[in-house]
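Structure first, commentary second.
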There are 4 protein chains.
Amino acid sequence: MNWKDLNIAVVAGDRREQEIARCAAATGATVRAYGFPWPEGGIPGVQLCQSAAEALDGADFALFPIPGITAEGALFAPACPERIIPDRAMLSGMRAPARIILGWADPKLQAHCDALGITVDEYEWDQDLMLLRGPAIVEGMIRVLIEHTDITIHKANICLIGQGTIGSLMTSTLIGLGAHVHVAARNPVQRAAAYAAGAQSHGLDELAALLPTMDIVVGSVPTCILDRELLQRLPPHALIVDLAAPPGGVDRDAAKALGLKFVWARGLGMRAPITVGRSQWSGVQPRIERAMKERK
Amino acid sequence: MNWKDLNIAVVAGDRREQEIARCAAATGATVRAYGFPWPEGGIPGVQLCQSAAEALDGADFALFPIPGITAEGALFAPACPERIIPDRAMLSGMRAPARIILGWADPKLQAHCDALGITVDEYEWDQDLMLLRGPAIVEGMIRVLIEHTDITIHKANICLIGQGTIGSLMTSTLIGLGAHVHVAARNPVQRAAAYAAGAQSHGLDELAALLPTMDIVVGSVPTCILDRELLQRLPPHALIVDLAAPPGGVDRDAAKALGLKFVWARGLGMRAPITVGRSQWSGVQPRIERAMKERK
Amino acid sequence: MNWKDLNIAVVAGDRREQEIARCAAATGATVRAYGFPWPEGGIPGVQLCQSAAEALDGADFALFPIPGITAEGALFAPACPERIIPDRAMLSGMRAPARIILGWADPKLQAHCDALGITVDEYEWDQDLMLLRGPAIVEGMIRVLIEHTDITIHKANICLIGQGTIGSLMTSTLIGLGAHVHVAARNPVQRAAAYAAGAQSHGLDELAALLPTMDIVVGSVPTCILDRELLQRLPPHALIVDLAAPPGGVDRDAAKALGLKFVWARGLGMRAPITVGRSQWSGVQPRIERAMKERK
Amino acid sequence: MNWKDLNIAVVAGDRREQEIARCAAATGATVRAYGFPWPEGGIPGVQLCQSAAEALDGADFALFPIPGITAEGALFAPACPERIIPDRAMLSGMRAPARIILGWADPKLQAHCDALGITVDEYEWDQDLMLLRGPAIVEGMIRVLIEHTDITIHKANICLIGQGTIGSLMTSTLIGLGAHVHVAARNPVQRAAAYAAGAQSHGLDELAALLPTMDIVVGSVPTCILDRELLQRLPPHALIVDLAAPPGGVDRDAAKALGLKFVWARGLGMRAPITVGRSQWSGVQPRIERAMKERK
């Protein structure tokens, strides 16, 4: 089996999927698409369908978007007028042994796939893909900081709360831009990594003493660390950015009541769709290749 | 003579003047303001006037904005409904020996000042002030690049044409963000500085060979280097940014005809008005002090 | 129980132990020392002993050096004329419940401690301590590169094989110095991290194609990756540095036979003994505090 | 006239001249050499002579080393057992219209050349060549700092006094290594450039207050700024490095009397002879080409 014999469906998503579909078609596979913004002039080798079911019909592989699945089970497809809910009927046209490669599947999608014998291949937690799209996320973040401040990042006092994969990229990028970066984290290895990268590192118990001199606070921890008491310690001009998934790491009501600037920086993944689409494809392609090998 | 005895007028400008007026008032001087956006809650110690003439009445020093003066002789004051043209009547209320500190004066303003015995003190060409506001301009530029591209700055091929004071800050910042930076300049010292900073440097005659692999081109030379012939060599996705003052360094009509993305990045100086206002004040304050000393 | 009541022995080591002993004495504890180079003028509050047994007599805690233990069971003590082998007699004078804090213990030392009821507390694999001494190791490495090359690190082509904790610090530091850094690693997460940091990343199977253009190769993988076949592909001026523990990651005989410059960069941990001693103490101190709490 | 017809003499110098001679021979010119360390295996296309006079006999161009000329008029040639003093006899064999390209000429050499009709072409003050060899000098400096300190550059407090071409490269490199860099300079443009690059900048009058917290001081100003009074304010562990040409910018006797570590970092230009030789050649080659054109 080789790429020329493959049918690939790219369904839902945003501008990143344009690049993913382009990369998929460049392998020689037959690629059909639905549910993401379609560029003027089309995409070489990619066929636009009228529905998700049509795109999936006969597909060996289906590629669904990264950001996963909304509460109702609809795929992320902000530019699509219709909600795309991958139900049993829609998926039944895929060609066995079918495989869906996507961020992560909710229990309903998983149940349909189990019933239809479709393999679900999730990559949401692949740390290498997260790192490859890391610079795009960091640049999206930089833009948010530039847009919402009246001072420069250069020489600003910035506190990052939490220091995971993206957090440590952010630390080194902000240091490179000349900021005074403080990292507050519970994990001593993360604190040591931030120190080695040039930041000043702190335990979470030092936040109360630290915040009065900060200009910008960026949280990436999904539990509410910036509560009212801590928020009160910030200077009035401070910008607070929350990168965490809902419910987030900031008491937004308190921030509002205190008159602080607050930005919920979700959707940073939409920055640089070509770069990110390409990096996603670099994770999708070997998964397809592995699956093809197993079939032989 | 000391600060408490001084009357300072801050007239025209944008949000940077808020910070300049705040700094001026912090010295203890009497500060009156007109023609720049007035913040909710006012500025401690600064009195808002109803006209430029009122603000200038009795002033020892007048501070006018950086960006100089439009063709008609009006001061830069984008948020002021009325045009502020500093004519003889308006300036005649200043208290001798009066002094106007500003970017630069056009011949009309200069003539009025000569007639009235007002000293004109220009700082447009102070390289130290340009460097102090450099990071703000570079960050404004970074934002433009992030807003107008579908790829990351990280690993992008970026060509900077020209390499003056701001250009070399841009080079090192873009390198720090992971870009592959190419600098094309006529001056061998600028080329050598770019090389030492980590860029690849080129003569202007190498542009034709270089452009086909570039993702972003940033020009900061006021003569038209990017003509139709060179623009044709760029790939279709390339972003062109012109930092030069009018008439600019890019054949805009040709860029449009070729369907290239073009951004005229003027007004980057409005990024980070607090930082920039403060750095402007750091240049204005010693000028006032020197003038006070000379008067004794 | 508090610091004033503690007896701490600092035995063996190098100049780092001077700083560790100094930090230990600054807590108010009684500190006795033996087996590391003794500074002219002594160390405030630290008492030099005539033998390891004397230093250990009555000690609640013994601090032994990081680099662990030689094959014969002797402690690392390069400046000590006598070999210090911690046998049962030497350790028996410690005050119960005694604790030895050290890099790692060999089976003999472990057996003696088991017999005597002494707790062994190893920190060799603490990633936070490794990160805290990371900049010292990287700077030691930078010095090795500068000493052994006729070209600058700036613009040199450098290949790092392996990308662990120290390797990734080295990547970002060398990029900061202007090198073209290539990272070859088996692990895709390490490769993605190197890419995000600005390097070019490669699989190990790409080494053969990569090496002919490299100026410097730094290996930090403990298995022999740079075999004769790969070494032959290097240009004659290439410098090879091996950071791996014995037996190392380079076929040294082949490197010699090929006339290549080869440096075995062990002992980089001796760079910056004050910084490193202090960071070691930052790991030792909380271990002592935890042990004291448990005793209450 | 073209390269094949040229006779070039490379006389005196150190290992940099090996690379200069190699580059010269690569043009096709006839190259004869004397007075610099001769590599085992020779230099392709370069002929080693027995004396300076022999190398110069019939030469159209003579290349003398960068560091100029000692007090006695001898050329810089540390590895040459004999002193090479370019007198009238030695130079008289050059082929008219002869040209000597070198750092700078002392009055005696200039007089001989005037008498013999030889053109003297000095490049000591070419800022572009200084920048091109800048990274080599900075790396030599980094090595000095690493060799002479017990703390890391990372997080060290470093004060640079003076901020010329090389000084500003040093500032950005040290910041990249994680140091806290303070720049003290008289010139406000240099101070502003250091600030924009991420350093803290100070007037010289702030040194007295600054020095007590510094770990390392690097001077590059040729007048004695670090006098006894300022040196006394340094902590006992401070390292002082003087980059300035004799008589230097530090009261060395006072530093000695105070027991401070002092390094006179001359000869940093000998770091990375291949890179530096090549960059020197990039300045020499166009000079030869210009001279050839003028002769036509």
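Order determines the names: the first chain of the structure tokens is A, the second B, and so forth; residues in each chain are numbered 1 upward, and ligands are numbered 1 upward as they are shown.
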**OP:** Starting from chain A, keep only residues with some atom at most 6 Å from an atom of chain B, counting only C-alpha atoms, and report them as a PyMOL selection string.
**Re:** chain A and resi 136+143+150-152+176+272-275
Subject >> Contacts of A:Gln110 within 9 Å, only C-alpha atoms, excl. fewer than 6 positions in-chain, as a VMD selection string >> reply: chain A and resid 118 to 120
Original post:
DSSP on the backbone: what in stretch 108-282 of chain D comes out helix (DSSP H, G or I), as number ranges by chain?
Top reply: D: 108-116, 127-132, 134-147, 165-176, 188-196, 204-213, 228-231, 252-257, 268-270, 273-282
**OP:** List every residue of stretch 26-249 of chain B that DSSP, applied to the backbone, labels as strand (DSSP E or B), and write the result as a PyMOL selection string.
**Re:** chain B and resi 30-34+46-48+61-63+69+75+99-102+119-122+157-161+180-184+200-202+216-219+226+239-242
Long-range neighbours of stretch 72-87 of chain A as a PDB file with N, CA and C atoms, in the first residue's frame, 7 Å cut-off, only C-alpha atoms, 6 positions minimum in chain:
ATOM      1  N   ALA A  12     -13.469  19.764   9.078  1.00  0.00           N
ATOM      2  CA  ALA A  12     -13.559  20.793  10.127  1.00  0.00           C
ATOM      3  C   ALA A  12     -12.201  21.470  10.336  1.00  0.00           C
ATOM      4  N   GLY A  13     -12.153  22.418  11.310  1.00  0.00           N
ATOM      5  CA  GLY A  13     -10.905  23.115  11.588  1.00  0.00           C
ATOM      6  C   GLY A  13     -10.904  24.553  11.105  1.00  0.00           C
ATOM      7  N   ASP A  14      -9.702  25.124  11.083  1.00  0.00           N
ATOM      8  CA  ASP A  14      -9.566  26.513  10.652  1.00  0.00           C
ATOM      9  C   ASP A  14      -8.495  26.590   9.567  1.00  0.00           C
ATOM     10  N   GLY A  35     -15.463  21.778   5.677  1.00  0.00           N
ATOM     11  CA  GLY A  35     -15.672  22.351   7.000  1.00  0.00           C
ATOM     12  C   GLY A  35     -14.609  23.297   7.506  1.00  0.00           C
ATOM     13  N   PHE A  36     -13.597  23.577   6.680  1.00  0.00           N
ATOM     14  CA  PHE A  36     -12.634  24.623   7.095  1.00  0.00           C
ATOM     15  C   PHE A  36     -12.652  25.709   6.024  1.00  0.00           C
ATOM     16  N   PRO A  37     -12.185  26.919   6.352  1.00  0.00           N
ATOM     17  CA  PRO A  37     -12.268  28.029   5.394  1.00  0.00           C
ATOM     18  C   PRO A  37     -11.534  27.683   4.096  1.00  0.00           C
ATOM     19  N   PRO A  65      -9.645  18.308  13.578  1.00  0.00           N
ATOM     20  CA  PRO A  65      -8.759  19.386  14.060  1.00  0.00           C
ATOM     21  C   PRO A  65      -8.174  19.139  15.458  1.00  0.00           C
ATOM     22  N   LEU A 109     -17.887  10.017  20.246  1.00  0.00           N
ATOM     23  CA  LEU A 109     -17.137   9.686  19.034  1.00  0.00           C
ATOM     24  C   LEU A 109     -16.429   8.353  19.220  1.00  0.00           C
ATOM     25  N   HIS A 112     -18.922   5.542  18.718  1.00  0.00           N
ATOM     26  CA  HIS A 112     -19.227   5.313  17.297  1.00  0.00           C
ATOM     27  C   HIS A 112     -18.076   4.560  16.624  1.00  0.00           C
TER      28      HIS A 112
END
Subject >> One-decimal distance in Å that lies between atom CA of D:Leu129 and atom CA of B:Gly198 >> reply: 15.4 Å
**OP:** Skip stretch 95-103 of chain A itself and residues of its chain fewer than 2 positions away, then list as a ChimeraX atom specification all residues within 9 Å of it, counting only C-alpha atoms.
**Re:** /A:7,56-69,92-93,105,113,116-125,284,287-288,291,295
**OP:** Within 12 Å of B:Glu54, counting only C-alpha atoms, which residues show up once you throw out same-chain ones fewer than 5 positions away? Write them as a PyMOL selection string, please.
**Re:** chain B and resi 8-11+31-35+47-49+59+62+89-94
**OP:** Excluding stretch 181-196 of chain D and any residue of its chain fewer than 3 positions from it, enumerate the residues within 6 Å of it, using only C-alpha atoms, and give them as a PyMOL selection string.
**Re:** (chain B and resi 128+131-132) or (chain D and resi 158-162+199-204)
Original post:
So, counting only C-alpha atoms, which residue among B:Ala55, B:Ala29, B:Leu234, B:Ile20 is closest to B:Asn2?
Top reply: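 Using only C-alpha atoms, the shortest distance to B:Asn2 belongs to B:Ala29.
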**OP:** Pick out the residues sitting within 10 Å of stretch 247-253 of chain A, and hand them over as an NGL selection string; count only C-alpha atoms, and ignore anything fewer than 2 positions along from it in its own chain.
**Re:** :A and (161 or 218-231 or 240-245 or 255-260 or 262-264)
Next, dump the selected residues to file, keeping only N, CA, C and O atoms, as a compact mmCIF listing (two decimals), in the first residue's frame.
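Okay, part-v3.txt is ready:
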# COMPACT_ATOMS: atom_id res chain seq x y z
N ILE A 161 3.24 32.46 35.87
CA ILE A 161 2.84 31.48 36.89
C ILE A 161 2.63 30.15 36.19
O ILE A 161 1.80 30.03 35.30
N VAL A 218 1.31 36.45 33.64
CA VAL A 218 0.79 35.46 32.69
C VAL A 218 0.63 34.14 33.42
O VAL A 218 1.60 33.58 33.93
N GLY A 219 -0.61 33.66 33.48
CA GLY A 219 -0.86 32.40 34.17
C GLY A 219 -1.06 31.27 33.18
O GLY A 219 -1.71 31.46 32.15
N SER A 220 -0.50 30.12 33.47
CA SER A 220 -0.75 28.97 32.60
C SER A 220 -1.06 27.72 33.43
O SER A 220 -0.85 26.61 32.99
N VAL A 221 -1.56 27.93 34.63
CA VAL A 221 -1.91 26.83 35.52
C VAL A 221 -3.44 26.75 35.56
O VAL A 221 -4.09 27.78 35.73
N PRO A 222 -4.01 25.56 35.40
CA PRO A 222 -5.47 25.49 35.28
C PRO A 222 -6.23 25.60 36.60
O PRO A 222 -7.45 25.61 36.59
N THR A 223 -5.53 25.73 37.73
CA THR A 223 -6.27 25.95 38.98
C THR A 223 -6.16 27.42 39.36
O THR A 223 -5.19 28.10 39.04
N CYS A 224 -7.16 27.90 40.09
CA CYS A 224 -7.25 29.33 40.36
C CYS A 224 -6.22 29.77 41.39
O CYS A 224 -6.44 29.70 42.59
N ILE A 225 -5.08 30.22 40.90
CA ILE A 225 -4.03 30.69 41.79
C ILE A 225 -4.20 32.18 42.05
O ILE A 225 -4.04 32.65 43.17
N LEU A 226 -4.53 32.94 41.01
CA LEU A 226 -4.68 34.39 41.18
C LEU A 226 -6.07 34.70 41.72
O LEU A 226 -6.98 35.10 40.98
N ASP A 227 -6.22 34.53 43.01
CA ASP A 227 -7.50 34.82 43.64
C ASP A 227 -7.57 36.31 44.00
O ASP A 227 -6.62 37.07 43.78
N ARG A 228 -8.70 36.72 44.59
CA ARG A 228 -8.91 38.13 44.88
C ARG A 228 -7.78 38.71 45.73
O ARG A 228 -7.29 39.82 45.47
N GLU A 229 -7.35 37.93 46.70
CA GLU A 229 -6.34 38.44 47.62
C GLU A 229 -5.04 38.78 46.88
O GLU A 229 -4.43 39.83 47.09
N LEU A 230 -4.63 37.87 46.00
CA LEU A 230 -3.41 38.14 45.24
C LEU A 230 -3.62 39.26 44.22
O LEU A 230 -2.75 40.11 44.03
N LEU A 231 -4.77 39.24 43.56
CA LEU A 231 -5.04 40.27 42.55
C LEU A 231 -4.98 41.67 43.15
O LEU A 231 -4.51 42.62 42.51
N ILE A 240 -3.15 41.24 33.14
CA ILE A 240 -3.20 39.84 33.52
C ILE A 240 -3.64 39.04 32.30
O ILE A 240 -4.66 39.36 31.68
N VAL A 241 -2.87 38.03 31.96
CA VAL A 241 -3.21 37.19 30.81
C VAL A 241 -3.35 35.76 31.30
O VAL A 241 -2.48 35.25 32.02
N ASP A 242 -4.44 35.13 30.94
CA ASP A 242 -4.65 33.74 31.35
C ASP A 242 -4.58 32.84 30.13
O ASP A 242 -5.33 32.99 29.19
N LEU A 243 -3.62 31.93 30.17
CA LEU A 243 -3.46 30.98 29.08
C LEU A 243 -4.14 29.65 29.37
O LEU A 243 -4.20 28.77 28.51
N ALA A 244 -4.60 29.49 30.60
CA ALA A 244 -5.10 28.18 31.00
C ALA A 244 -6.44 27.88 30.34
O ALA A 244 -7.22 28.79 30.01
N ALA A 245 -6.72 26.60 30.17
CA ALA A 245 -8.02 26.16 29.67
C ALA A 245 -9.08 26.47 30.73
O ALA A 245 -8.75 26.65 31.91
N ALA A 255 -10.92 40.27 39.24
CA ALA A 255 -10.09 41.13 38.38
C ALA A 255 -10.92 42.28 37.83
O ALA A 255 -10.48 43.43 37.83
N LYS A 256 -12.12 41.96 37.38
CA LYS A 256 -13.02 42.97 36.83
C LYS A 256 -13.39 44.00 37.91
O LYS A 256 -13.31 45.21 37.69
N ALA A 257 -13.78 43.48 39.07
CA ALA A 257 -14.19 44.37 40.16
C ALA A 257 -13.04 45.30 40.56
O ALA A 257 -13.25 46.46 40.93
N LEU A 258 -11.84 44.83 40.47
CA LEU A 258 -10.68 45.64 40.85
C LEU A 258 -10.24 46.58 39.72
O LEU A 258 -9.31 47.36 39.89
N GLY A 259 -10.87 46.46 38.57
CA GLY A 259 -10.53 47.34 37.45
C GLY A 259 -9.24 46.99 36.76
O GLY A 259 -8.62 47.82 36.10
N LEU A 260 -8.82 45.74 36.89
CA LEU A 260 -7.56 45.33 36.27
C LEU A 260 -7.79 44.91 34.83
O LEU A 260 -8.85 44.39 34.48
N PHE A 262 -7.63 42.42 31.96
CA PHE A 262 -7.56 40.96 31.94
C PHE A 262 -7.81 40.46 30.53
O PHE A 262 -8.75 40.88 29.86
N VAL A 263 -6.96 39.58 30.05
CA VAL A 263 -7.14 38.99 28.71
C VAL A 263 -7.11 37.48 28.83
O VAL A 263 -6.18 36.92 29.43
N TRP A 264 -8.13 36.83 28.28
CA TRP A 264 -8.12 35.37 28.26
C TRP A 264 -7.57 34.95 26.89
O TRP A 264 -8.26 35.03 25.88
Subject >> Distance in Å - atom CA of C:Gly45 versus atom CA of C:Glu19 >> reply: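 Taking atom CA of C:Gly45 as the start and atom CA of C:Glu19 as the end point, the length is 12.1 Å.
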